[in-house]
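> This one is run25.txt, compact mmCIF, C-alpha atoms (C1' of nucleotides).
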```
# COMPACT_ATOMS: atom_id res chain seq x y z
CA MET W 1 0.44 -51.28 -75.69
CA TRP W 2 -1.55 -48.44 -74.16
CA VAL W 3 -3.86 -50.79 -72.28
CA SER W 4 -1.05 -53.08 -71.16
CA GLU W 5 1.21 -50.24 -70.01
CA THR W 6 -1.68 -48.77 -68.04
CA MET W 7 -2.41 -52.10 -66.39
CA LEU W 8 1.27 -52.54 -65.59
CA GLN W 9 1.48 -49.31 -63.61
CA GLN W 10 2.47 -50.45 -60.10
CA THR W 11 1.33 -53.94 -61.05
CA ARG W 12 3.22 -57.16 -61.71
CA VAL W 13 3.12 -58.72 -65.15
CA ASP W 14 1.76 -62.03 -63.84
CA THR W 15 -1.12 -60.21 -62.19
CA ALA W 16 -1.99 -58.11 -65.23
CA VAL W 17 -1.88 -60.78 -67.94
CA PRO W 18 -5.31 -62.40 -67.37
CA TYR W 19 -6.91 -58.96 -67.01
CA TYR W 20 -5.29 -57.88 -70.25
CA GLU W 21 -6.58 -60.92 -72.15
CA ARG W 22 -10.10 -60.43 -70.83
CA TRP W 23 -10.07 -56.69 -71.48
CA MET W 24 -8.83 -56.92 -75.07
CA ALA W 25 -11.38 -59.63 -75.85
CA ALA W 26 -14.21 -57.40 -74.59
CA LEU W 27 -12.90 -54.03 -75.82
CA PRO W 28 -10.55 -54.69 -78.73
CA THR W 29 -10.56 -51.18 -80.23
CA VAL W 30 -10.38 -47.55 -79.12
CA ASP W 31 -13.91 -47.12 -80.44
CA ALA W 32 -15.24 -50.06 -78.42
CA LEU W 33 -13.63 -48.62 -75.30
CA ALA W 34 -14.98 -45.14 -76.01
CA ARG W 35 -18.51 -46.54 -76.26
CA ALA W 36 -18.27 -48.82 -73.20
CA GLY W 37 -19.96 -47.75 -69.97
CA ASP W 38 -18.08 -47.26 -66.74
CA GLU W 39 -19.96 -50.21 -65.25
CA GLN W 40 -18.44 -52.61 -67.76
CA VAL W 41 -15.02 -50.99 -67.65
CA LEU W 42 -14.83 -51.15 -63.86
CA ARG W 43 -16.11 -54.73 -63.84
CA LEU W 44 -13.30 -55.70 -66.21
CA TRP W 45 -10.84 -53.88 -63.97
CA GLU W 46 -12.16 -55.26 -60.67
CA GLY W 47 -9.30 -56.68 -58.60
CA LEU W 48 -6.50 -54.79 -60.35
CA GLY W 49 -6.73 -51.78 -58.04
CA TYR W 50 -6.04 -48.09 -58.68
CA TYR W 51 -9.42 -47.80 -60.36
CA ALA W 52 -8.74 -44.28 -61.64
CA ARG W 53 -6.64 -46.04 -64.27
CA ALA W 54 -9.77 -47.67 -65.71
CA ARG W 55 -11.85 -44.52 -65.52
CA ASN W 56 -9.06 -42.50 -67.17
CA LEU W 57 -8.61 -45.12 -69.88
CA SER W 58 -12.20 -44.85 -71.08
CA ARG W 59 -12.17 -41.06 -70.77
CA ALA W 60 -8.97 -40.95 -72.79
CA ALA W 61 -10.49 -43.24 -75.44
CA ARG W 62 -13.24 -40.67 -75.94
CA GLU W 63 -10.61 -37.94 -76.23
CA VAL W 64 -8.70 -39.96 -78.82
CA ARG W 65 -11.91 -40.18 -80.81
CA GLU W 66 -12.73 -36.49 -80.50
CA ARG W 67 -9.30 -34.85 -80.56
CA PHE W 68 -7.27 -37.26 -82.66
CA GLY W 69 -9.85 -38.67 -85.06
CA GLY W 70 -9.83 -42.06 -83.37
CA ARG W 71 -6.10 -42.61 -83.97
CA ILE W 72 -3.82 -42.95 -80.96
CA PRO W 73 -1.10 -40.30 -81.38
CA ALA W 74 2.49 -41.49 -81.84
CA ASP W 75 4.03 -38.34 -80.41
CA PRO W 76 4.90 -38.66 -76.70
CA ASP W 77 3.97 -35.02 -76.03
CA GLN W 78 0.50 -35.59 -77.47
CA LEU W 79 0.13 -38.90 -75.65
CA ARG W 80 1.05 -37.11 -72.45
CA THR W 81 -2.07 -34.90 -72.73
CA LEU W 82 -4.40 -37.89 -72.35
CA PRO W 83 -5.74 -38.54 -68.84
CA GLY W 84 -3.84 -41.33 -67.14
CA VAL W 85 -0.85 -41.06 -69.47
CA GLY W 86 2.20 -39.72 -67.65
CA ALA W 87 5.82 -39.40 -68.70
CA TYR W 88 6.55 -43.12 -68.45
CA THR W 89 3.46 -44.41 -70.25
CA ALA W 90 3.81 -41.80 -73.02
CA ALA W 91 7.41 -42.84 -73.63
CA ALA W 92 6.63 -46.56 -73.42
CA VAL W 93 3.78 -46.37 -75.95
CA ALA W 94 5.67 -44.02 -78.28
CA SER W 95 8.77 -46.22 -78.32
CA ILE W 96 7.33 -49.72 -78.18
CA ALA W 97 4.21 -49.22 -80.28
CA PHE W 98 5.45 -46.53 -82.69
CA GLY W 99 9.24 -46.91 -82.65
CA ARG W 100 9.88 -43.37 -81.46
CA ASP W 101 13.33 -42.72 -80.03
CA VAL W 102 12.46 -41.78 -76.46
CA ALA W 103 13.69 -43.26 -73.20
CA ALA W 104 11.02 -44.81 -70.98
CA VAL W 105 11.98 -44.34 -67.34
CA ASP W 106 10.13 -46.52 -64.86
CA GLY W 107 11.05 -47.83 -61.43
CA ASN W 108 13.23 -50.57 -62.89
CA VAL W 109 15.19 -48.16 -65.07
CA ARG W 110 15.67 -45.76 -62.16
CA ARG W 111 17.05 -48.55 -60.01
CA VAL W 112 19.39 -49.89 -62.72
CA LEU W 113 20.78 -46.45 -63.54
CA ALA W 114 20.99 -45.33 -59.91
CA ARG W 115 23.23 -48.34 -59.28
CA LEU W 116 25.18 -48.10 -62.50
CA ALA W 117 26.17 -44.48 -61.79
CA ALA W 118 25.85 -44.57 -57.99
CA VAL W 119 23.31 -41.72 -58.01
CA ALA W 120 22.58 -40.50 -54.48
CA GLY W 121 19.16 -39.46 -53.20
CA PRO W 122 15.60 -40.80 -53.62
CA ALA W 123 15.21 -41.81 -57.27
CA ARG W 124 11.68 -40.45 -57.68
CA ARG W 125 12.49 -36.90 -56.57
CA PRO W 126 14.72 -34.15 -57.85
CA PRO W 127 17.57 -33.80 -58.16
CA ALA W 128 18.18 -37.56 -58.51
CA SER W 129 15.15 -38.04 -60.79
CA ARG W 130 16.46 -35.43 -63.25
CA THR W 131 19.92 -36.98 -63.24
CA LEU W 132 18.41 -40.40 -63.96
CA GLU W 133 16.19 -39.11 -66.77
CA ALA W 134 19.15 -37.38 -68.41
CA LEU W 135 21.24 -40.51 -68.00
CA ALA W 136 18.52 -42.67 -69.56
CA ALA W 137 18.30 -40.34 -72.56
CA ALA W 138 22.07 -40.23 -72.97
CA LEU W 139 22.46 -44.01 -72.79
CA LEU W 140 19.75 -44.67 -75.38
CA PRO W 141 21.42 -45.92 -78.59
CA PRO W 142 19.73 -44.04 -81.45
CA GLY W 143 17.18 -46.09 -83.37
CA THR W 144 16.84 -48.81 -80.73
CA ALA W 145 14.37 -47.41 -78.20
CA ARG W 146 11.77 -50.12 -78.84
CA VAL W 147 14.12 -52.91 -77.77
CA HIS W 148 16.43 -50.92 -75.51
CA ASN W 149 13.68 -49.65 -73.19
CA GLN W 150 12.27 -53.12 -72.68
CA ALA W 151 15.76 -54.57 -72.21
CA VAL W 152 16.66 -52.16 -69.40
CA MET W 153 13.30 -52.70 -67.68
CA GLU W 154 13.74 -56.45 -67.98
CA LEU W 155 17.25 -56.20 -66.56
CA GLY W 156 15.81 -54.42 -63.54
CA ALA W 157 12.94 -56.87 -63.15
CA LEU W 158 15.02 -60.07 -63.43
CA VAL W 159 18.65 -59.27 -62.52
CA CYS W 160 19.06 -55.86 -60.92
CA THR W 161 16.31 -56.56 -58.39
CA PRO W 162 15.54 -54.35 -55.38
CA ARG W 163 16.87 -56.90 -52.90
CA ASP W 164 19.74 -59.31 -53.47
CA PRO W 165 20.55 -58.37 -57.08
CA ALA W 166 22.13 -61.09 -59.24
CA CYS W 167 25.28 -59.16 -60.10
CA ALA W 168 27.04 -62.34 -61.27
CA ALA W 169 24.52 -62.56 -64.11
CA CYS W 170 24.53 -58.86 -64.94
CA PRO W 171 25.87 -57.77 -68.35
CA VAL W 172 26.85 -54.35 -66.98
CA ALA W 173 28.39 -55.45 -63.68
CA GLY W 174 31.77 -54.25 -64.93
CA PRO W 175 31.09 -50.52 -65.08
CA CYS W 176 28.54 -50.59 -62.22
CA ARG W 177 29.68 -48.14 -59.55
CA ALA W 178 27.29 -49.36 -56.88
CA ARG W 179 28.73 -52.84 -57.26
CA ALA W 180 32.25 -51.45 -57.11
CA ALA W 181 31.27 -49.71 -53.88
CA GLY W 182 30.26 -53.10 -52.50
CA ARG W 183 26.59 -52.47 -51.74
CA PRO W 184 24.46 -52.38 -54.89
CA GLU W 185 21.24 -52.84 -52.90
CA ALA W 186 21.91 -49.52 -51.13
CA TYR W 187 20.80 -47.77 -54.35
CA PRO W 188 18.48 -46.11 -54.92
CA GLU W 189 18.01 -44.50 -51.51
CA ARG W 190 14.81 -45.45 -49.73
CA THR W 191 12.50 -42.74 -48.47
CA GLN W 192 11.31 -43.17 -44.93
CA LYS W 193 7.91 -44.79 -44.58
CA LYS W 194 5.26 -43.71 -42.14
CA THR W 195 3.46 -46.24 -40.03
CA VAL W 196 0.08 -46.85 -41.59
CA PRO W 197 -3.07 -46.25 -39.52
CA HIS W 198 -5.47 -49.09 -38.82
CA HIS W 199 -9.24 -48.61 -38.98
CA ARG W 200 -12.16 -50.80 -37.96
CA VAL W 201 -15.19 -50.74 -40.22
CA ALA W 202 -18.70 -52.14 -39.72
CA VAL W 203 -20.38 -53.55 -42.84
CA GLY W 204 -24.00 -54.61 -43.34
CA ILE W 205 -25.24 -57.22 -45.78
CA VAL W 206 -28.83 -56.05 -45.66
CA CYS W 207 -31.37 -58.45 -47.14
CA ARG W 208 -35.03 -58.06 -47.91
CA ASP W 209 -37.53 -60.90 -47.87
CA ASP W 210 -37.58 -60.92 -51.67
CA GLY W 211 -33.88 -61.89 -51.68
CA ARG W 212 -32.55 -58.52 -52.74
CA VAL W 213 -29.50 -56.99 -51.11
CA PHE W 214 -28.65 -53.33 -50.51
CA ILE W 215 -25.56 -51.87 -52.19
CA ASP W 216 -24.38 -48.31 -52.66
CA ARG W 217 -21.99 -46.71 -55.12
CA ARG W 218 -18.83 -45.01 -53.93
CA PRO W 219 -18.30 -41.47 -55.21
CA TYR W 220 -16.01 -40.92 -58.20
CA GLY W 221 -12.61 -39.47 -57.55
CA GLY W 222 -12.00 -41.01 -54.17
CA LEU W 223 -10.94 -44.40 -52.87
CA LEU W 224 -12.48 -47.23 -54.91
CA GLY W 225 -14.39 -44.56 -56.85
CA GLY W 226 -17.33 -45.85 -58.87
CA LEU W 227 -17.39 -49.27 -57.25
CA TRP W 228 -20.48 -50.69 -55.54
CA GLU W 229 -20.23 -51.90 -51.97
CA PHE W 230 -22.14 -53.10 -48.93
CA PRO W 231 -23.03 -50.11 -46.75
CA GLY W 232 -21.31 -49.34 -43.46
CA GLY W 233 -18.65 -47.11 -42.00
CA LYS W 234 -15.88 -46.49 -39.54
CA ILE W 235 -16.21 -47.72 -35.97
CA GLU W 236 -15.54 -44.78 -33.65
CA PRO W 237 -13.60 -45.15 -30.39
CA GLY W 238 -15.77 -46.60 -27.61
CA GLU W 239 -18.35 -47.83 -30.11
CA THR W 240 -19.24 -51.46 -30.72
CA PRO W 241 -19.19 -52.66 -34.33
CA GLU W 242 -22.95 -53.20 -34.18
CA ASP W 243 -23.57 -49.69 -32.85
CA ALA W 244 -21.45 -48.25 -35.65
CA LEU W 245 -23.38 -50.23 -38.23
CA HIS W 246 -26.79 -48.96 -37.09
CA ARG W 247 -25.48 -45.40 -36.87
CA GLU W 248 -23.87 -45.42 -40.32
CA LEU W 249 -26.84 -47.04 -42.07
CA ASP W 250 -29.20 -44.52 -40.49
CA GLU W 251 -26.97 -41.48 -41.11
CA GLU W 252 -26.21 -42.26 -44.73
CA PHE W 253 -29.43 -43.84 -45.98
CA GLY W 254 -32.08 -43.62 -43.27
CA LEU W 255 -31.91 -47.39 -43.21
CA ARG W 256 -33.08 -49.47 -40.20
CA VAL W 257 -32.19 -53.13 -39.91
CA ALA W 258 -32.18 -56.07 -37.53
CA VAL W 259 -28.83 -57.80 -37.12
CA GLU W 260 -29.15 -61.56 -37.57
CA GLY W 261 -25.55 -62.63 -37.24
CA ALA W 262 -21.91 -61.66 -37.44
CA LEU W 263 -19.27 -62.94 -39.81
CA GLY W 264 -15.60 -63.24 -38.99
CA PRO W 265 -13.48 -60.11 -39.20
CA VAL W 266 -11.94 -59.51 -42.62
CA PRO W 267 -8.49 -57.92 -42.66
CA HIS W 268 -7.56 -55.88 -45.72
CA ALA W 269 -4.58 -53.67 -46.55
CA TYR W 270 -4.76 -50.61 -48.75
CA THR W 271 -1.81 -48.49 -49.83
CA HIS W 272 -1.69 -46.14 -46.90
CA PHE W 273 -3.88 -47.72 -44.26
CA ARG W 274 -5.23 -51.06 -43.08
CA VAL W 275 -8.77 -52.00 -42.17
CA THR W 276 -10.53 -54.75 -40.33
CA LEU W 277 -14.03 -55.25 -41.66
CA HIS W 278 -16.74 -56.46 -39.27
CA PRO W 279 -19.53 -57.79 -41.47
CA PHE W 280 -23.08 -58.37 -40.21
CA LEU W 281 -25.89 -60.22 -41.88
CA CYS W 282 -29.00 -58.03 -41.49
CA ARG W 283 -32.69 -58.12 -42.21
CA PHE W 284 -34.25 -55.00 -43.67
CA ALA W 285 -36.71 -53.27 -41.33
CA SER W 286 -37.51 -49.84 -42.77
CA MET W 287 -36.07 -47.01 -44.78
CA VAL W 288 -36.72 -43.29 -45.01
CA PRO W 289 -34.26 -42.08 -47.65
CA ARG W 290 -32.39 -38.91 -46.81
CA ALA W 291 -33.27 -35.81 -48.76
CA GLY W 292 -30.64 -34.26 -50.98
CA GLU W 293 -27.68 -35.67 -52.81
CA GLY W 294 -26.73 -38.89 -51.11
CA ARG W 295 -24.70 -41.51 -52.89
CA PRO W 296 -26.53 -43.82 -55.34
CA TRP W 297 -27.93 -47.06 -53.92
CA GLN W 298 -30.14 -49.93 -55.00
CA TRP W 299 -31.56 -53.31 -54.07
CA VAL W 300 -30.14 -56.05 -56.25
CA PRO W 301 -30.89 -59.78 -56.42
CA GLY W 302 -28.25 -61.74 -54.53
CA ASP W 303 -27.30 -63.70 -57.61
CA ALA W 304 -26.73 -60.48 -59.58
CA LEU W 305 -24.01 -59.13 -57.30
CA ASP W 306 -21.29 -60.52 -59.52
CA ARG W 307 -22.34 -58.17 -62.29
CA TYR W 308 -21.44 -55.09 -60.26
CA PRO W 309 -17.88 -53.88 -59.80
CA MET W 310 -17.06 -54.27 -56.12
CA PRO W 311 -13.94 -53.88 -53.97
CA ARG W 312 -11.89 -56.96 -53.23
CA ALA W 313 -12.68 -56.74 -49.52
CA ASN W 314 -16.41 -56.97 -50.28
CA ARG W 315 -15.84 -60.07 -52.38
CA LYS W 316 -14.00 -61.57 -49.41
CA ILE W 317 -17.09 -61.03 -47.26
CA LEU W 318 -19.32 -62.59 -49.90
CA ALA W 319 -17.08 -65.63 -50.17
CA GLN W 320 -17.14 -65.99 -46.39
CA LEU W 321 -20.92 -65.77 -46.33
CA ARG W 322 -21.27 -68.61 -48.80
CA THR W 323 -19.14 -70.95 -46.72
CA SER W 324 -20.72 -70.00 -43.39
CA ASN W 325 -23.78 -71.41 -41.68
CA LEU W 326 -25.12 -67.97 -41.10
CA GLU W 327 -27.55 -67.82 -43.97
CA PRO W 328 -30.89 -66.92 -42.49
CA GLU W 329 -34.23 -68.69 -42.76
CA ARG W 330 -35.62 -67.82 -46.11
CA LYS W 331 -39.09 -66.61 -46.74
CA ARG W 332 -39.11 -66.88 -50.49
CA SER W 333 -35.69 -66.77 -52.03
CA PRO W 334 -32.12 -67.10 -50.87
CA CYS W 335 -30.33 -64.14 -49.43
CA PRO W 336 -27.86 -63.78 -50.92
CA PRO W 337 -26.93 -66.86 -52.92
CA GLY W 338 -24.62 -64.68 -54.97
CA SER W 339 -21.78 -66.68 -56.41
CA PRO W 340 -19.11 -64.15 -57.23
CA THR W 341 -16.81 -65.11 -60.02
C1' DA A 342 6.46 -31.61 -52.29
C1' DA A 343 3.93 -34.77 -50.27
C1' DG A 344 -0.49 -37.47 -50.14
C1' DT A 345 -3.66 -40.24 -52.45
C1' DC A 346 -4.81 -44.25 -54.86
C1' DG A 347 -5.40 -51.34 -54.64
C1' DT A 348 -3.85 -55.57 -54.60
C1' DG A 349 -1.16 -59.80 -53.99
C1' DG A 350 3.24 -61.99 -53.15
C1' DC A 351 7.01 -62.42 -50.33
C1' DA A 352 10.33 -62.44 -46.43
C1' DT P 353 1.47 -60.28 -38.31
C1' DT P 354 3.85 -56.64 -40.45
C1' DG P 355 6.52 -54.25 -43.77
C1' DC P 356 8.10 -53.92 -48.39
C1' DC P 357 7.29 -53.33 -52.95
C1' DA P 358 5.71 -53.72 -58.19
C1' DA P 359 6.41 -51.55 -66.06
C1' DG P 360 2.96 -44.40 -62.00
C1' DA P 361 -0.42 -40.59 -62.37
C1' DC P 362 -2.68 -36.92 -60.35
C1' DT P 363 -3.55 -33.19 -57.04
```
Would you write the structure of this file as structure tokens?

Amino acid sequence: MWVSETMLQQTRVDTAVPYYERWMAALPTVDALARAGDEQVLRLWEGLGYYARARNLSRAAREVRERFGGRIPADPDQLRTLPGVGAYTAAAVASIAFGRDVAAVDGNVRRVLARLAAVAGPARRPPASRTLEALAAALLPPGTARVHNQAVMELGALVCTPRDPACAACPVAGPCRARAAGRPEAYPERTQKKTVPHHRVAVGIVCRDDGRVFIDRRPYGGLLGGLWEFPGGKIEPGETPEDALHRELDEEFGLRVAVEGALGPVPHAYTHFRVTLHPFLCRFASMVPRAGEGRPWQWVPGDALDRYPMPRANRKILAQLRTSNLEPERKRSPCPPGSPT
DNA sequence: AAGTCGTGGCA
DNA sequence: TTGCCAAGACT
């Protein structure tokens, strides 16, 4: 339940299911998770997004071992102290896995209750959020949390949907005040969205004559933290993609390359900005590594790239490379033949 | 309180 | 193409 609820944060069930099956097969117990390395954990998580969830999950497994004797606590307040476990996940695990009588309030529940009681204001922020939490607790029939929580979430997911809710099929259409008011989809109130910035990024697939490719590891804590990627960086105003590539490779790694060809631009959308990747196939020329604490990097065989956790956008580039005619003349071995899974 | 943090499906 | 959003947590 803990793993599945974590995977389901901001993620659709259909998306999470195959990841869940694969994860539980590889790491079936808290102890197995506690002993697993971040490399394996992130590889299992690759493609699901919000990678802090995976890092927190393995950290929390170690805490369960050390602080709770290897037993996942049943008390929501204790669950809540584990990294990555917030109010919703604590309540979901406590109620569904352990039968505790606590209301789990997720986005579905907020929407259902906001409509049922016509609660004004953005549902995720006070004072509406407090009203909705109190309402959820008050409407929870004692002794039924395990089924009740899932029923309300399911109602929100299948019937009381964000747009065009199926009120005709709703078991609580009668007392629903938003429906009575005529516009159920007006609840909960939307918060205004900002227009997302768009960045252009140059990316280098840098190959050596021995068929190895350069990758670096993104710092923990930030965007795509802990994942490996092809080097590169933001294209500044007035700069060509190729100029940006040479500048970034030199600045970050002291890496000099010869560009052998360009791949098509790869569009990719993150949560709060969009990027267009401009990938270049490059031949390694020289490298004078920077002194100090740069980010980790290494040369890996092209066919080993699928063993490293990488961002989705990098996999897109790799897939494009395989279907292009841009692969360079080979001296000894292919560069990179990598067949990502 | 408001920003950060992925990805894929859909209109 | 663009915006919206989906079983949130953390800073």
> Tell me, as a list in words, which residues lie within 12 Å of DC362 (chain P), counting all atoms listed in the file; anything in the same chain fewer than 5 positions away does not count.
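Those residues are Tyr50, Ala52, Arg53, Asn56, Pro83, Gly84, Val85, Gly86, Gly221 and Gly222 of chain W; DG344, DT345 and DC346 of chain A.
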> Based on only C-alpha atoms (C1' of nucleotides), which of the residues in chain W come within 7 Å of chain A? I want them as a PyMOL selection string.
chain W and resi 47-50+223+270-271
> Between W:Ala25, W:Ala36, W:Met153, W:Leu135, which has the minimum distance to chain P (counting all atoms listed in the file)?
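Residue with the minimum atom-to-atom distance to chain P: W:Met153.
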> If we count all atoms listed in the file and set the cut-off at 12 Å, which residues sit around Pro184 (chain W), ignoring sequence neighbours fewer than 2 positions away in its own chain? Please answer as a short mmCIF file (atom, residue, chain, number, x, y, z; two decimals) with C-alpha atoms, in the frame of the given file.

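To be explicit, this is the file written out as part-v6.cif:
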```
data_model
loop_
_atom_site.label_atom_id
_atom_site.label_comp_id
_atom_site.auth_asym_id
_atom_site.auth_seq_id
_atom_site.Cartn_x
_atom_site.Cartn_y
_atom_site.Cartn_z
CA ARG W 111 17.05 -48.55 -60.01
CA VAL W 112 19.39 -49.89 -62.72
CA LEU W 113 20.78 -46.45 -63.54
CA ALA W 114 20.99 -45.33 -59.91
CA ARG W 115 23.23 -48.34 -59.28
CA LEU W 116 25.18 -48.10 -62.50
CA ALA W 117 26.17 -44.48 -61.79
CA ALA W 118 25.85 -44.57 -57.99
CA VAL W 119 23.31 -41.72 -58.01
CA VAL W 159 18.65 -59.27 -62.52
CA CYS W 160 19.06 -55.86 -60.92
CA THR W 161 16.31 -56.56 -58.39
CA PRO W 162 15.54 -54.35 -55.38
CA ARG W 163 16.87 -56.90 -52.90
CA ASP W 164 19.74 -59.31 -53.47
CA PRO W 165 20.55 -58.37 -57.08
CA ALA W 166 22.13 -61.09 -59.24
CA CYS W 167 25.28 -59.16 -60.10
CA CYS W 170 24.53 -58.86 -64.94
CA ALA W 173 28.39 -55.45 -63.68
CA CYS W 176 28.54 -50.59 -62.22
CA ARG W 177 29.68 -48.14 -59.55
CA ALA W 178 27.29 -49.36 -56.88
CA ARG W 179 28.73 -52.84 -57.26
CA ALA W 180 32.25 -51.45 -57.11
CA ALA W 181 31.27 -49.71 -53.88
CA GLY W 182 30.26 -53.10 -52.50
CA ALA W 186 21.91 -49.52 -51.13
CA TYR W 187 20.80 -47.77 -54.35
CA PRO W 188 18.48 -46.11 -54.92
CA GLU W 189 18.01 -44.50 -51.51
#
```
> Give one line per residue of chain W that approaches chain P to at most 6 Å, naming the two atoms of the closest pair and their distance in Å to one decimal, counting all atoms listed in the file; sort by chain then ascending residue number and deliver it as a tab-separated table.

```
residue	atom	partner	partner_atom	distance
W:Leu8	CA	P:DA359	C1'	5.3
W:Gln9	CA	P:DG360	C1'	5.4
W:Gln10	CA	P:DA358	C1'	5.0
W:Thr11	CA	P:DA358	C1'	5.2
W:Arg12	CA	P:DA358	C1'	5.5
W:Gly84	CA	P:DA361	C1'	5.9
W:Gly86	CA	P:DA361	C1'	6.0
```
> Could you state the separation of CA of Arg208 (chain W) and CA of Ala285 (chain W) in Å, given to one decimal place?
8.3 Å
> Could you work out an axis-aligned box for chain A, taking every atom the file lists and adding 4 Å on each side, and report centre and edge lengths in Å to one decimal, as AutoDock Vina command-line options?

```
--center_x 2.5 --center_y -47.0 --center_z -50.6 --size_x 23.7 --size_y 38.8 --size_z 16.4
```
> Between CA of Pro296 (chain W) and CA of Phe230 (chain W), what distance in Å does the model show, to one decimal?
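So the two atoms, CA of Pro296 (chain W) and CA of Phe230 (chain W), lie 12.1 Å apart.
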